[in-house]
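Have a look at protein18.cif; it's mmCIF, C-alpha atoms:
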```
data_work
loop_
_atom_site.label_atom_id
_atom_site.label_comp_id
_atom_site.auth_asym_id
_atom_site.auth_seq_id
_atom_site.Cartn_x
_atom_site.Cartn_y
_atom_site.Cartn_z
CA MET A 1 -167.28 57.36 30.10
CA ASP A 2 -164.07 55.58 29.11
CA SER A 3 -160.74 56.24 30.75
CA ARG A 4 -159.11 59.16 28.97
CA PHE A 5 -155.49 58.35 29.51
CA ASP A 6 -153.11 55.73 30.89
CA LEU A 7 -150.97 57.61 33.40
CA ASN A 8 -148.44 54.77 33.47
CA GLY A 9 -148.32 54.41 29.69
CA THR A 10 -145.17 56.45 29.21
CA GLU A 11 -141.71 56.20 30.72
CA LEU A 12 -142.25 59.44 32.63
CA GLY A 13 -145.70 58.36 33.81
CA ALA A 14 -144.37 55.03 35.07
CA LYS A 15 -141.49 56.77 36.85
CA LEU A 16 -143.78 59.28 38.58
CA GLY A 17 -146.34 56.57 39.39
CA LYS A 18 -143.68 54.46 41.09
CA ARG A 19 -142.62 57.37 43.30
CA PHE A 20 -146.24 58.14 44.10
CA ALA A 21 -146.80 54.49 45.05
CA ASN A 22 -143.71 54.51 47.27
CA VAL A 23 -145.26 57.19 49.49
CA SER A 24 -148.38 55.04 49.77
CA VAL A 25 -146.23 52.05 50.78
CA GLY A 26 -144.75 54.17 53.57
CA ILE A 27 -148.21 55.13 54.80
CA LYS A 28 -149.39 51.50 54.69
CA GLY A 29 -146.38 50.46 56.78
CA SER A 30 -147.00 53.14 59.39
CA PRO A 31 -148.49 52.52 62.85
CA LEU A 32 -151.79 54.10 61.73
CA PRO A 33 -154.37 51.28 61.86
CA LYS A 34 -155.16 49.80 58.44
CA VAL A 35 -158.91 50.15 58.98
CA THR A 36 -158.47 53.85 59.80
CA GLN A 37 -156.42 54.29 56.64
CA GLU A 38 -159.18 52.72 54.56
CA LEU A 39 -161.98 54.69 56.26
CA VAL A 40 -160.13 57.97 55.64
CA SER A 41 -159.41 57.03 52.03
CA LEU A 42 -163.03 56.05 51.43
CA ARG A 43 -164.39 59.28 52.90
CA ALA A 44 -162.06 61.55 50.93
CA SER A 45 -162.83 59.59 47.76
CA GLN A 46 -166.56 59.97 48.35
CA LEU A 47 -166.14 63.73 48.75
CA ASN A 48 -164.07 63.95 45.58
CA GLY A 49 -166.37 61.74 43.49
CA CYS A 50 -163.64 59.25 42.60
CA GLY A 51 -165.50 56.10 41.57
CA PHE A 52 -162.38 53.96 41.28
CA CYS A 53 -161.15 54.88 44.76
CA VAL A 54 -164.58 54.53 46.40
CA ASP A 55 -164.81 51.06 44.84
CA ALA A 56 -161.28 50.12 45.95
CA HIS A 57 -161.50 51.30 49.54
CA ALA A 58 -165.01 49.94 50.13
CA LYS A 59 -163.91 46.53 48.81
CA ASP A 60 -160.69 46.56 50.84
CA LEU A 61 -162.66 47.36 54.00
CA ALA A 62 -165.07 44.51 53.29
CA ALA A 63 -162.19 42.12 52.58
CA ALA A 64 -160.62 43.13 55.90
CA GLY A 65 -163.79 41.96 57.64
CA GLU A 66 -165.41 45.33 58.26
CA PRO A 67 -169.18 44.97 58.59
CA ALA A 68 -171.26 46.41 55.76
CA VAL A 69 -172.94 48.83 58.17
CA ARG A 70 -169.59 50.56 58.85
CA VAL A 71 -168.64 50.71 55.17
CA ASN A 72 -172.07 52.03 54.22
CA LEU A 73 -172.16 54.64 56.98
CA VAL A 74 -168.82 56.28 56.17
CA ALA A 75 -170.66 58.88 54.10
CA ALA A 76 -172.81 59.72 57.14
CA TRP A 77 -170.28 59.06 59.91
CA ARG A 78 -171.36 62.09 61.95
CA GLU A 79 -174.89 60.70 62.15
CA SER A 80 -173.93 57.15 63.09
CA THR A 81 -172.83 55.22 66.15
CA VAL A 82 -170.50 52.65 64.58
CA PHE A 83 -167.20 54.57 64.62
CA THR A 84 -164.84 55.03 67.53
CA GLU A 85 -163.92 58.50 68.74
CA ALA A 86 -160.47 58.04 67.20
CA GLU A 87 -161.98 57.06 63.84
CA GLN A 88 -164.30 60.07 64.01
CA ALA A 89 -161.30 62.34 64.55
CA ALA A 90 -159.56 60.83 61.52
CA LEU A 91 -162.71 61.15 59.39
CA ALA A 92 -163.09 64.81 60.42
CA LEU A 93 -159.46 65.43 59.42
CA ALA A 94 -160.12 63.70 56.10
CA GLU A 95 -163.13 65.92 55.42
CA GLU A 96 -161.56 69.19 56.48
CA GLY A 97 -158.27 68.37 54.75
CA SER A 98 -160.14 67.49 51.55
CA ARG A 99 -162.39 70.56 51.59
CA ILE A 100 -159.72 73.21 52.05
CA ALA A 101 -161.25 75.39 49.35
CA ASP A 102 -164.65 75.17 51.07
CA ALA A 103 -163.39 75.93 54.58
CA HIS A 104 -161.04 78.91 54.58
CA PRO A 105 -159.47 78.07 57.95
CA GLY A 106 -158.60 74.56 56.75
CA VAL A 107 -158.51 71.97 59.52
CA SER A 108 -160.20 73.38 62.61
CA ASP A 109 -158.51 73.60 65.99
CA GLU A 110 -161.24 71.35 67.38
CA THR A 111 -160.51 68.61 64.84
CA TRP A 112 -156.77 69.01 65.33
CA ALA A 113 -157.18 68.61 69.10
CA LEU A 114 -159.19 65.41 68.62
CA VAL A 115 -156.57 64.02 66.25
CA ARG A 116 -153.79 64.80 68.72
CA LYS A 117 -155.82 63.21 71.54
CA HIS A 118 -156.07 59.88 69.74
CA TYR A 119 -152.95 59.55 67.61
CA ASP A 120 -149.22 59.69 68.34
CA ASP A 121 -146.76 61.71 66.25
CA ASP A 122 -146.05 58.96 63.70
CA GLN A 123 -149.75 58.26 63.28
CA VAL A 124 -150.41 61.98 62.76
CA VAL A 125 -147.68 62.09 60.10
CA ALA A 126 -149.30 59.11 58.38
CA LEU A 127 -152.78 60.70 58.59
CA ILE A 128 -151.61 63.97 57.07
CA TYR A 129 -149.76 62.25 54.24
CA LEU A 130 -152.71 59.91 53.71
CA VAL A 131 -155.16 62.78 53.32
CA ALA A 132 -152.81 64.53 50.90
CA MET A 133 -152.10 61.39 48.89
CA ILE A 134 -155.69 60.18 48.59
CA ASN A 135 -156.75 63.63 47.45
CA ALA A 136 -153.97 63.57 44.84
CA ALA A 137 -154.95 60.07 43.71
CA ASN A 138 -158.60 61.12 43.48
CA ARG A 139 -157.68 64.04 41.28
CA LEU A 140 -155.50 61.92 38.99
CA LEU A 141 -158.24 59.35 38.50
CA VAL A 142 -161.12 61.83 38.17
CA ILE A 143 -159.17 63.81 35.55
CA THR A 144 -158.50 60.62 33.57
CA HIS A 145 -162.07 59.32 34.03
CA THR A 146 -160.93 56.08 35.65
CA LYS A 147 -164.14 54.27 36.55
CA GLY A 148 -165.03 52.19 39.55
CA GLY A 149 -166.41 48.68 39.54
CA SER A 150 -163.56 46.44 38.45
CA TYR A 151 -161.23 46.71 41.44
CA GLN A 152 -160.23 43.43 43.10
CA ALA A 153 -159.76 43.64 46.87
CA GLY A 154 -156.14 43.56 47.94
CA THR A 155 -154.70 44.69 44.60
CA PHE A 156 -152.53 47.36 46.23
CA ASP A 157 -151.46 45.24 49.20
CA ALA A 158 -148.47 43.87 47.27
CA ASN A 159 -146.99 47.35 46.80
#
```
What would the structure in this file look like if it were written as structure tokens?
Amino acid sequence: MDSRFDLNGTELGAKLGKRFANVSVGIKGSPLPKVTQELVSLRASQLNGCGFCVDAHAKDLAAAGEPAVRVNLVAAWRESTVFTEAEQAALALAEEGSRIADAHPGVSDETWALVRKHYDDDQVVALIYLVAMINAANRLLVITHTKGGSYQAGTFDAN
């Protein structure tokens, strides 16, 4: 499966892509821990079947020094012991925020309470935007058939 389309290949695409990237820069500069950002992005990308994003976030976690066991267990975080309670709350938010169509109430009150227990207001803002943005990125790249495998760790750090 080859990539169908270069989203940045037109003037409009480049303009929209730059604005999209600017939101991501804001999230990266937030007080939400970088590892939490990557775990959330990896989990949402797994759920959405985005090969490029799974590749990118797994590699960025590894490059940040995360042990392979944590990276590998993101898909089964509920059945593992390697994530903090705060990370579990963020992963639950990522799942429930990504599966809105599957869970009619959206994010549960239980998950929301856990998120509020572990994160301050700015971190919650960053988490909500992160879940929205990674889901949007997943959809863009799945629609265009952008494959995983060639990502170089740290590529998006310069943004």
Result set of the PyMOL selection byres ((chain A and resi 141) around 10) on the coordinates above, as an mmCIF file with C-alpha atoms, in the coordinates of the input:
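part_26.cif, written as the output of this step:
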```
data_model
loop_
_atom_site.group_PDB
_atom_site.id
_atom_site.type_symbol
_atom_site.label_atom_id
_atom_site.label_comp_id
_atom_site.auth_asym_id
_atom_site.auth_seq_id
_atom_site.Cartn_x
_atom_site.Cartn_y
_atom_site.Cartn_z
ATOM 1 C CA SER A 3 -160.740 56.240 30.750
ATOM 2 C CA ARG A 4 -159.110 59.160 28.970
ATOM 3 C CA PHE A 5 -155.490 58.350 29.510
ATOM 4 C CA ASP A 6 -153.110 55.730 30.890
ATOM 5 C CA LEU A 7 -150.970 57.610 33.400
ATOM 6 C CA GLY A 49 -166.370 61.740 43.490
ATOM 7 C CA CYS A 50 -163.640 59.250 42.600
ATOM 8 C CA GLY A 51 -165.500 56.100 41.570
ATOM 9 C CA PHE A 52 -162.380 53.960 41.280
ATOM 10 C CA CYS A 53 -161.150 54.880 44.760
ATOM 11 C CA ALA A 136 -153.970 63.570 44.840
ATOM 12 C CA ALA A 137 -154.950 60.070 43.710
ATOM 13 C CA ASN A 138 -158.600 61.120 43.480
ATOM 14 C CA ARG A 139 -157.680 64.040 41.280
ATOM 15 C CA LEU A 140 -155.500 61.920 38.990
ATOM 16 C CA VAL A 142 -161.120 61.830 38.170
ATOM 17 C CA ILE A 143 -159.170 63.810 35.550
ATOM 18 C CA THR A 144 -158.500 60.620 33.570
ATOM 19 C CA HIS A 145 -162.070 59.320 34.030
ATOM 20 C CA THR A 146 -160.930 56.080 35.650
ATOM 21 C CA LYS A 147 -164.140 54.270 36.550
ATOM 22 C CA GLY A 148 -165.030 52.190 39.550
#
```
Could you list, with a cut-off of 6 Å and counting only C-alpha atoms, the residues of region 28-87 of chain A near region 150-158 of chain A, each shown with its nearest atom pair and the distance in Å rounded to one decimal, rows sorted by chain and ascending number, as a tab-separated table?
```
residue	atom	partner	partner_atom	distance
A:Ala56	CA	A:Tyr151	CA	5.7
A:Lys59	CA	A:Ala153	CA	5.4
A:Asp60	CA	A:Ala153	CA	5.0
```
Practice item. Could you tell me which residues the PyMOL selection byres ((chain A and resi 44) around 8) grabs in this file, written as number ranges by chain? Key: A: 40-43, 45-48, 94-95, 98, 131, 134-135
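Under the PyMOL selection byres ((chain A and resi 122) around 12), the matching residues in the shown file are A:Gly26, A:Ile27, A:Gly29, A:Ser30, A:Pro31, A:Leu32, A:Pro33, A:Val115, A:Arg116, A:His118, A:Tyr119, A:Asp120, A:Asp121, A:Gln123, A:Val124, A:Val125, A:Ala126, A:Leu127, A:Ile128, A:Tyr129.
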Review point. In Å to one decimal, how far is CA of Leu39 (chain A) from CA of Val71 (chain A)?
Key: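 Those two atoms sit 7.8 Å apart.
CA of Val69 (chain A) is positioned 14.8 Å from CA of Glu87 (chain A).
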Exercise for review: Would you mind reading off the distance between CA of Met133 (chain A) and CA of Trp77 (chain A), one decimal, in Å?
Suggested key: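 Between CA of Met133 (chain A) and CA of Trp77 (chain A) the gap is 21.4 Å.
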Review point. Quick one: of A:Ala62, A:Val25, A:Leu114, A:Ala132, who's nearest to Ala92 (chain A), counting all atoms listed in the file?
Key: A:Leu114
